[in-house]
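Input: a single structure, listed below in structure tokens.
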Amino acid sequence: MTSENQRLQDCRDGTAWKHWGPYLSERQWGTVREDYSDNGDAWNYLTHDQSRSRAYRWGEDGLGGISDANNLLCFALALWNGNDPILKERLFGLNNSEGNHGEDVKEYYFYLDSTPTHSYMKYLYKYPHTEFPYADLLETNRSRSRDELEYELLDTGIFDDDRYFDVFVEYAKASADDILIQIKICNRGAEAASLHLLPTLWFRNTWSWQDGGSKPILQKYEGTGYSVVHAYHTNPLFKEKLGDYYLYCDQVVPLLFTENETNNERLFGTDNDSPYVKDAIHHYVVHGQTEAVNPAAMGTKVAPHYQVTVEAGGTQTVRLRLAATHPNQMGNPFDAFDQVLIDRQQEANEFYAALTPAAVKADHDRANVMRQALAGMLWSKQYFYYDVDKWLEEHNVNPYMRPDQRQHVRNSDWHHMYNDDVISMPDKWEYPWFAAWDLAFHMIPLSIVDPDFAKRQLELMLQEDYMHPNGQMPAYEWNFGDVNPPVHAWATWEIYTRDREQNKGVGDVNFLKYAFSKLLINFTWWVNRKDTIGNNVFEGGFLGLDNIGVFDRSAPLPTGGILEQADGTAWMVFFSQRMLQIAVELAIHDPLYEDLASKFFEHTLWIAGAMDRIGENCDELWDEEDGFFYDLLRLPNGDCQRLKVRSMVGLLPLMAIAVFPSHVFEKLPKFKERAQSFLMRHPELTANIHLPTTPGVNGRLMLAIMNEQKLRRVLSRMLDEAEFLSDYGIRALSRHHHDHPFIFHHAGQEFRVDYLPGDSNTGMFGGNSNWRGPIWMPVNFLLLRALIYLYGYYGDAFTIEYPTGSGQQKTLFDVWQAVSDRITQIFLKDELGRRPIYRSAEKFQTDPYWQDLILFYEYFHGDNGAGIGASHQTGWTGCIARIIQTTGFVTKEMIAQTAAPEDTLHY
């Protein structure tokens with residue numbers, strides 16, 4: 001057992017190793033929680049310019065920072081290069097109305113390393129010597145059209161001639177409440193350069209709000225040979241009292257104190273409650289206003305003020321220590337500092353070495369991508385506080401109002417929701433709020449490093465404070481009531497089977513029972529709310545696939561009627577199959593679940609059978625002529641029409657596969673008898689799907705939407721390089737629509753879908769949302785899963801032309817490996833040493849200080865693999881770590897020898 005694994009075990013036994021971590025958001029401004037506008041314009045109500053002066057209501061943000069698990073005491077970097085108009089305390093980016101492709105961070109920062117207990121973490125921020133081009137970034141992006149590329153920080157030329165600092169921050173825990181902080185400032189330029197470094201400690205403002213409790217204290221501690229700040233917080237309103245902490249500096253430096261209070265005078269022209277306000281340190285350093293900080297050396301925000309000059313190519317190091325240990329007991333806080341840091345670095349290396357397959361370790365570049373992906377997942381944990389009932393009350397909305405009186409305020413029917421937890425975020429700048437379906441994907445790579453955290457996160461989304469009383473899972477902060485794909489049951493099954501494999505066949509049945517009990521409620525919500533005419537074909541709405549369709553699927557149809565969705569229905573088969581697998585597993589341990597296994601077997605058949613009804617004409621999602629699934633538009637007059645857009649909508653039925661070990665149904669005779677009876681009574685449901693009646697490899701049984709004939713037809717399109725198969729994975733939209741756009745006319749209006757390999761040119765959903773052509777990691781991950789499961793059933797007897805038209809026949813294992821390699825090569829250096837993800841960004845391609853730094857973008861260009869969208873959305877793109885790990889050790893022989901495919905996929 002590695003030292004980090006031992007710490008994870010200590011966490012199970014109650015040690016608070018995770019009490020401190022990277023839980024600080026990177027953007028609290030411009031979020032729904034902080035929006036108190038009259039029109040719901042969250043992006044512009046509290047702006048980046050206001051953020052340095054305005055105390056937040058619901059959270060905090062910072063640069064490369066950490067906090068305790070309740071976000072009470074926060075620590076982060078602040079920097080000033082002597083030229084910027086503002087202190088660099090947080091990351092800059094454009095909001096949705098400013099960027100030509102929506103909101104986007106305009107900084108370069110990288111999560112280089114982290115262990116799951118955050119015993120060791122490393123972060124890099126690149127800070128220019130010259131004035132940061134705030135206005136240029138804003139004005140140039142605002143002037144560009146949607147058909148033009150985004151204007152990025154590198155494009156401004158500010159990093160030319162290497163006139164910048166690499167600021168590295170490392171955190172190493174001596175104990176659960178004792179954190180060593182090392183900051184290295186490397187000057188990459190050809191001339192010496194100076195920098196103001198202000199490592200900042202502050203309390204989240206809890207005291208200014210109604211019932212906020214007492215005010216904490218930061219004050220200078222006298223009597224040592226170095227600068228020390230004493231932090232004290234005992235607010236009884238919080239579930240944990242923070243108590244005493246001390247920030248030790250490695251030398252005597254000025255300590256700049258102020259209050260984390262809004263500068264009302266600057267923002268609103270009204271009097272301040274105190275002369276010392278949130279932006280006082282900015283005014284002191286940038287404008288030389290010495291009176292801005294508190295000479296009494298106390299407050300709720302403080303920054304030691306280091307001024308360093310770094311020679312060309314040189315490095316300066318600053319060390320701090322944040323600990324609960326009193327100076328009288330601490331001794332010299334920096335005596336063993338270097339050794340502890342070395343130990344934690346080595347322990348992190350040992351931890352990752354143990355979970356990285358030998359084939360991956362042998363390829364340094366591949367191992368580096370895998371480790372940085374996991375580091376990004378761990379750094380993207382964030383404390384999220386949102387008492388929706390309190391927030392609605394502050395917006396003059398109460399649950400007793402008529403719906404029409406409160407509908408203009410977001411989330412007005414989510415009064416029950418109370419979030420006060422550390423949660424895995426898609427991205428702590430662009431998406432600094434949880435999204436339930438994103439989170440389910442996050443848990444796949446996170447389970448590699450911390451299966452306990454993965455289980456707790458999945459449980460969190462099912463708790464009463466999150467799930468709506470009607471059974472709906474919350475989508476995301478912008479609109480909790482929107483509809484995301486139902487992937488939670490799948491993630492639950494994936495985490496359970498991994499845990500079972502790691503524990504020699506013993507799974508966490510209690511975790512499975514809890515999740516299943518809540519997922520039953522969610523499944524019922526779907527059946528009751530999203531099947532309008534009761535025919536087992538679903539209209540999920542948004543379903544995460546933004547601009548992929550003809551219409552905005554979250555809005556009423558311009559034609560009237562309803563849109564029956566091939567992907568919505570496939571998601572429900574997928575959901576029902578996972579519930580069936582869970583019920584079967586639980587029934588083996590407890591016979592009471594056998595009836596529920598029968599229930600979900602029948603549900604799966606009802607929904608899967610509805611996708612291709614016998615004897616129907618237009619009234620089905622399967623198009624026999626094209627050999628593909630399409631959405632079906634049902635008009636008010638009773639007519640119906642397939643919307644023949646070849647998109648991910650028609651590929652997702654591939655994922656609806658369940659493979660069972662040969663022996664499992666023999667253990668459940670009651671279930672087996674009922675299943676056989678149901679099949680005999682309903683031949684109309686079973687004619688066009690694959691039933692678990694014909695044994696495959698190792699006697700395995702498979703239940704799937706597609707029989708072999710349909711499977712071959714859909715795969716032939718998916719694996720066609722002229723359609724879905726890119727050099728970098730599976731496109732969301734067929735390239736066929738480049739020359740053959742889908743056009744639909746109604747009431748004199750044209751609705752059109754063209755193939756767009758990059759950013760969207762439509763504002764249908766706002767922001768930079770775009771499923772219209774690029775490569776997305778989550779659905780690619782599910783399609784890869786389908787290929788390996790299909791191989792687990794069919795084995796080598798099933799081959800398919802790959803790529804379509806090549807004349808080369810491949811097994812599905814070979815196709816799985818080949819498509820996995822295409823996706824992975826997005827991030828890897830090619831034979832010329834260039835990464836497709838960075839396209840023509842020469843700094844990333846050739847500079848030794850940039851070329852091994854990996855960004856995990858939101859999605860990728862469908863033709864050249866370049867990263868697009870949110871640049872730090874490690875989120876579900878972090879699934880690349882699982883792809884790299886799995887392809888690094890899984891073999892055909894392993895799959896053939898196990899009872900079920902999932903038993904092979906966990907390293």
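By order in the structure tokens, chains are A, B, ...; within a chain, residues start at 1; ligands start at 1, following the order shown.
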| request: Return as a PyMOL selection string the full set of residues in range 563-672 of chain A whose backbone-based DSSP assignment is strand (DSSP E). | output: chain A and resi 563-564+622-623+628-629+631-634+640-643+657-660
Could you write out that same residue set with N, CA and C atoms as an mmCIF file, in the first residue's frame?
data_model
loop_
_atom_site.group_PDB
_atom_site.id
_atom_site.type_symbol
_atom_site.label_atom_id
_atom_site.label_comp_id
_atom_site.auth_asym_id
_atom_site.auth_seq_id
_atom_site.Cartn_x
_atom_site.Cartn_y
_atom_site.Cartn_z
ATOM 1 N N LEU A 563 -41.722 16.371 -30.362
ATOM 2 C CA LEU A 563 -40.570 15.770 -31.013
ATOM 3 C C LEU A 563 -40.182 14.514 -30.247
ATOM 4 N N GLU A 564 -40.390 13.364 -30.854
ATOM 5 C CA GLU A 564 -39.974 12.108 -30.238
ATOM 6 C C GLU A 564 -38.520 11.861 -30.616
ATOM 7 N N TRP A 622 -36.651 4.245 -36.420
ATOM 8 C CA TRP A 622 -35.729 3.572 -37.332
ATOM 9 C C TRP A 622 -36.149 3.810 -38.776
ATOM 10 N N ASP A 623 -35.194 4.195 -39.610
ATOM 11 C CA ASP A 623 -35.450 4.377 -41.035
ATOM 12 C C ASP A 623 -34.786 3.228 -41.782
ATOM 13 N N PHE A 628 -30.710 3.884 -40.190
ATOM 14 C CA PHE A 628 -30.277 4.838 -39.172
ATOM 15 C C PHE A 628 -31.492 5.264 -38.349
ATOM 16 N N PHE A 629 -31.237 5.727 -37.130
ATOM 17 C CA PHE A 629 -32.286 6.247 -36.258
ATOM 18 C C PHE A 629 -32.360 7.758 -36.389
ATOM 19 N N ASP A 631 -34.864 11.449 -35.157
ATOM 20 C CA ASP A 631 -35.965 12.016 -34.384
ATOM 21 C C ASP A 631 -37.231 12.025 -35.235
ATOM 22 N N LEU A 632 -38.374 11.987 -34.547
ATOM 23 C CA LEU A 632 -39.670 11.943 -35.239
ATOM 24 C C LEU A 632 -40.505 13.150 -34.808
ATOM 25 N N LEU A 633 -40.894 13.958 -35.782
ATOM 26 C CA LEU A 633 -41.742 15.125 -35.520
ATOM 27 C C LEU A 633 -43.201 14.725 -35.683
ATOM 28 N N ARG A 634 -43.968 14.810 -34.588
ATOM 29 C CA ARG A 634 -45.418 14.542 -34.637
ATOM 30 C C ARG A 634 -46.154 15.885 -34.651
ATOM 31 N N CYS A 640 -46.740 12.803 -39.253
ATOM 32 C CA CYS A 640 -45.434 12.688 -38.622
ATOM 33 C C CYS A 640 -44.359 12.637 -39.692
ATOM 34 N N GLN A 641 -43.149 13.062 -39.306
ATOM 35 C CA GLN A 641 -42.045 13.130 -40.260
ATOM 36 C C GLN A 641 -40.727 12.884 -39.534
ATOM 37 N N ARG A 642 -39.914 12.001 -40.113
ATOM 38 C CA ARG A 642 -38.572 11.823 -39.569
ATOM 39 C C ARG A 642 -37.701 12.999 -39.987
ATOM 40 N N LEU A 643 -36.944 13.517 -39.041
ATOM 41 C CA LEU A 643 -36.005 14.601 -39.331
ATOM 42 C C LEU A 643 -34.661 13.953 -39.611
ATOM 43 N N ILE A 657 -26.645 -1.305 -24.427
ATOM 44 C CA ILE A 657 -26.230 -2.713 -24.410
ATOM 45 C C ILE A 657 -26.080 -3.148 -22.961
ATOM 46 N N ALA A 658 -26.581 -4.316 -22.666
ATOM 47 C CA ALA A 658 -26.344 -4.949 -21.357
ATOM 48 C C ALA A 658 -25.887 -6.382 -21.614
ATOM 49 N N VAL A 659 -24.736 -6.741 -21.075
ATOM 50 C CA VAL A 659 -24.195 -8.092 -21.221
ATOM 51 C C VAL A 659 -24.151 -8.743 -19.844
ATOM 52 N N PHE A 660 -24.686 -9.960 -19.765
ATOM 53 C CA PHE A 660 -24.802 -10.665 -18.496
ATOM 54 C C PHE A 660 -23.965 -11.946 -18.517
#
| said: Report as an MDAnalysis selection string all protein, DNA and RNA residues lying within 12 Å of Pro695 in chain A, evaluated on only C-alpha atoms, omitting residues in the same chain fewer than 4 positions from it. | reply: chainID A and resid 659:663 690:691 699:703 792:795
Per-residue nearest contacts of range 146-219 of chain A to range 132-142 of chain A (8 Å; only C-alpha atoms) as JSON lines:
{"residue": "A:Glu150", "atom": "CA", "partner": "A:Asn141", "partner_atom": "CA", "distance": 6.3}
{"residue": "A:Tyr151", "atom": "CA", "partner": "A:Asn141", "partner_atom": "CA", "distance": 5.7}
{"residue": "A:Glu152", "atom": "CA", "partner": "A:Leu137", "partner_atom": "CA", "distance": 7.2}
{"residue": "A:Leu153", "atom": "CA", "partner": "A:Leu137", "partner_atom": "CA", "distance": 7.2}
{"residue": "A:Thr156", "atom": "CA", "partner": "A:Pro133", "partner_atom": "CA", "distance": 7.4}
{"residue": "A:Ile158", "atom": "CA", "partner": "A:Phe132", "partner_atom": "CA", "distance": 7.7}
| message | Please report the interatomic distance between CA of Pro333 in chain A and CA of Pro216 in chain A in Å with one decimal. | response | 24.3 Å
| message | Could you list, as a ChimeraX atom specification, every residue within 6 Å of range 48-60 of chain A, counting only C-alpha atoms and ignoring same-chain residues fewer than 2 positions away? | response | /A:28,261-263,278-279,385
| field | Shell around range 748-757 of chain A at 12 Å using only C-alpha atoms, local window under 2 positions removed, as a ChimeraX atom specification | value | /A:146-147,547-552,557-559,643-647,722-724,726,728,730-746,759-762,764,770-776,859-868
How would the residues just chosen look if you wrote them out with C-alpha atoms as a short mmCIF file (atom, residue, chain, number, x, y, z; two decimals), in the first residue's frame?
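Written out: part.cif:
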data_model
loop_
_atom_site.label_atom_id
_atom_site.label_comp_id
_atom_site.auth_asym_id
_atom_site.auth_seq_id
_atom_site.Cartn_x
_atom_site.Cartn_y
_atom_site.Cartn_z
CA ARG A 146 -19.28 33.75 -34.94
CA ASP A 147 -17.62 32.60 -38.16
CA ASN A 547 -27.14 22.74 -31.30
CA ILE A 548 -27.21 19.31 -32.88
CA GLY A 549 -30.86 19.38 -33.94
CA VAL A 550 -33.17 21.24 -36.26
CA PHE A 551 -34.98 22.99 -33.40
CA ASP A 552 -34.23 24.21 -29.90
CA LEU A 557 -41.72 23.57 -31.40
CA PRO A 558 -42.45 26.25 -34.03
CA THR A 559 -44.58 23.65 -35.80
CA LEU A 643 -36.01 14.60 -39.33
CA LYS A 644 -33.22 12.97 -41.30
CA VAL A 645 -30.23 14.55 -39.63
CA ARG A 646 -27.38 12.06 -39.36
CA SER A 647 -26.08 12.93 -35.95
CA ALA A 722 -16.82 10.55 -45.02
CA GLU A 723 -19.43 10.60 -42.25
CA PHE A 724 -18.74 10.21 -38.52
CA SER A 726 -12.63 11.53 -37.87
CA TYR A 728 -9.60 12.08 -33.84
CA ILE A 730 -16.42 10.12 -33.65
CA ARG A 731 -17.97 13.38 -34.82
CA ALA A 732 -21.26 14.55 -33.36
CA LEU A 733 -22.65 15.21 -36.83
CA SER A 734 -21.98 13.37 -40.07
CA ARG A 735 -19.68 15.13 -42.50
CA HIS A 736 -22.29 14.17 -45.11
CA HIS A 737 -24.10 17.38 -44.13
CA HIS A 738 -21.16 19.48 -45.31
CA ASP A 739 -22.38 19.11 -48.89
CA HIS A 740 -25.91 17.99 -48.09
CA PRO A 741 -27.34 20.23 -45.36
CA PHE A 742 -30.64 19.20 -43.83
CA ILE A 743 -33.25 21.89 -44.52
CA PHE A 744 -36.75 22.05 -43.08
CA HIS A 745 -39.31 24.70 -44.05
CA HIS A 746 -42.25 25.80 -41.98
CA ASP A 759 -17.35 26.44 -33.01
CA SER A 760 -21.03 27.08 -33.53
CA ASN A 761 -22.22 29.86 -35.83
CA THR A 762 -25.66 29.90 -34.25
CA MET A 764 -29.56 28.92 -30.53
CA ASN A 770 -21.95 23.32 -30.00
CA TRP A 771 -22.64 19.67 -30.72
CA ARG A 772 -22.87 20.36 -34.45
CA GLY A 773 -19.82 18.45 -35.69
CA PRO A 774 -17.03 18.49 -33.11
CA ILE A 775 -15.80 15.51 -31.15
CA TRP A 776 -17.10 15.22 -27.59
CA TYR A 859 -14.71 19.54 -27.29
CA PHE A 860 -12.48 19.11 -30.35
CA HIS A 861 -12.53 20.15 -34.00
CA GLY A 862 -14.12 17.40 -36.05
CA ASP A 863 -11.52 17.55 -38.83
CA ASN A 864 -8.21 18.53 -37.21
CA GLY A 865 -8.64 17.65 -33.52
CA ALA A 866 -7.91 21.15 -32.22
CA GLY A 867 -9.23 22.03 -28.78
CA ILE A 868 -12.32 24.26 -28.75
#
| field | DSSP helix (DSSP H, G or I) selection over range 563-639 of chain A, as a PyMOL selection string | value | chain A and resi 566-589+591-610
| field | Nearby residues (only C-alpha atoms) at most 10 Å from Leu512 in chain A, same-chain spacing under 4 positions excluded, as JSON, numbers by chain | value | {"A": [455, 459, 489, 492, 493, 495, 496, 507, 508, 516, 517, 582, 583, 585, 586]}
Mind writing the picked residues with N, CA and C atoms as a JSON list (two decimals), in the first residue's frame?
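What follows is the written file selection-v9.json:
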[["chain", "number", "residue", "atom", "x", "y", "z"],
["A", 455, "LYS", "N", -18.13, 7.50, -5.14],
["A", 455, "LYS", "CA", -19.41, 7.01, -4.60],
["A", 455, "LYS", "C", -20.16, 8.11, -3.87],
["A", 459, "GLU", "N", -23.90, 9.70, -4.70],
["A", 459, "GLU", "CA", -24.95, 9.72, -3.67],
["A", 459, "GLU", "C", -25.46, 11.13, -3.43],
["A", 489, "ALA", "N", -27.42, 6.12, -13.31],
["A", 489, "ALA", "CA", -27.46, 4.69, -13.02],
["A", 489, "ALA", "C", -26.25, 3.99, -13.65],
["A", 492, "THR", "N", -23.24, 4.73, -11.54],
["A", 492, "THR", "CA", -23.35, 3.94, -10.32],
["A", 492, "THR", "C", -22.89, 2.50, -10.56],
["A", 493, "TRP", "N", -23.35, 1.92, -11.65],
["A", 493, "TRP", "CA", -22.97, 0.54, -11.98],
["A", 493, "TRP", "C", -21.47, 0.45, -12.28],
["A", 495, "ILE", "N", -19.04, 2.39, -11.12],
["A", 495, "ILE", "CA", -18.26, 2.54, -9.89],
["A", 495, "ILE", "C", -18.40, 1.29, -9.03],
["A", 496, "TYR", "N", -19.59, 0.74, -8.98],
["A", 496, "TYR", "CA", -19.80, -0.48, -8.19],
["A", 496, "TYR", "C", -18.95, -1.63, -8.72],
["A", 507, "GLY", "N", -18.56, -6.43, -3.68],
["A", 507, "GLY", "CA", -18.99, -5.08, -4.01],
["A", 507, "GLY", "C", -19.62, -4.37, -2.82],
["A", 508, "ASP", "N", -19.74, -3.05, -2.93],
["A", 508, "ASP", "CA", -20.36, -2.24, -1.88],
["A", 508, "ASP", "C", -21.87, -2.28, -2.10],
["A", 516, "PHE", "N", -29.90, 2.71, -5.93],
["A", 516, "PHE", "CA", -31.03, 2.12, -6.64],
["A", 516, "PHE", "C", -32.36, 2.65, -6.11],
["A", 517, "SER", "N", -32.46, 2.79, -4.79],
["A", 517, "SER", "CA", -33.73, 3.26, -4.20],
["A", 517, "SER", "C", -34.07, 4.66, -4.68],
["A", 582, "ILE", "N", -28.44, -3.55, -12.05],
["A", 582, "ILE", "CA", -28.34, -3.33, -10.61],
["A", 582, "ILE", "C", -29.33, -4.21, -9.87],
["A", 583, "ALA", "N", -30.55, -4.29, -10.37],
["A", 583, "ALA", "CA", -31.57, -5.12, -9.70],
["A", 583, "ALA", "C", -31.15, -6.59, -9.69],
["A", 585, "GLU", "N", -28.09, -7.76, -9.75],
["A", 585, "GLU", "CA", -27.00, -7.89, -8.77],
["A", 585, "GLU", "C", -27.54, -7.90, -7.34],
["A", 586, "LEU", "N", -28.48, -7.00, -7.05],
["A", 586, "LEU", "CA", -29.04, -6.94, -5.70],
["A", 586, "LEU", "C", -29.89, -8.18, -5.40]]
| message | Calculated over only C-alpha atoms, which of the candidates A:Phe574, A:Phe257, A:Trp437, A:Phe523 has the smallest distance to Asn294 in chain A? | response |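 Among the listed residues, A:Phe257 lies closest to Asn294 in chain A.
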| field | Selection near range 106-113 of chain A, 6 Å with only C-alpha atoms, sequence-local residues under 2 positions removed, as a list in words | value | Phe92, Gly93, Met121, Lys122, Tyr123, Leu124, Tyr125, Lys126, Leu153, Gln372, Ala375 and Gly376 of chain A
| message | Between A:His395, A:Lys361, A:His230, A:His196, which residue has the minimum interatomic distance to Ala323 in chain A, considering only C-alpha atoms? | response |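 Closest to Ala323 in chain A of all the choices is A:His230.
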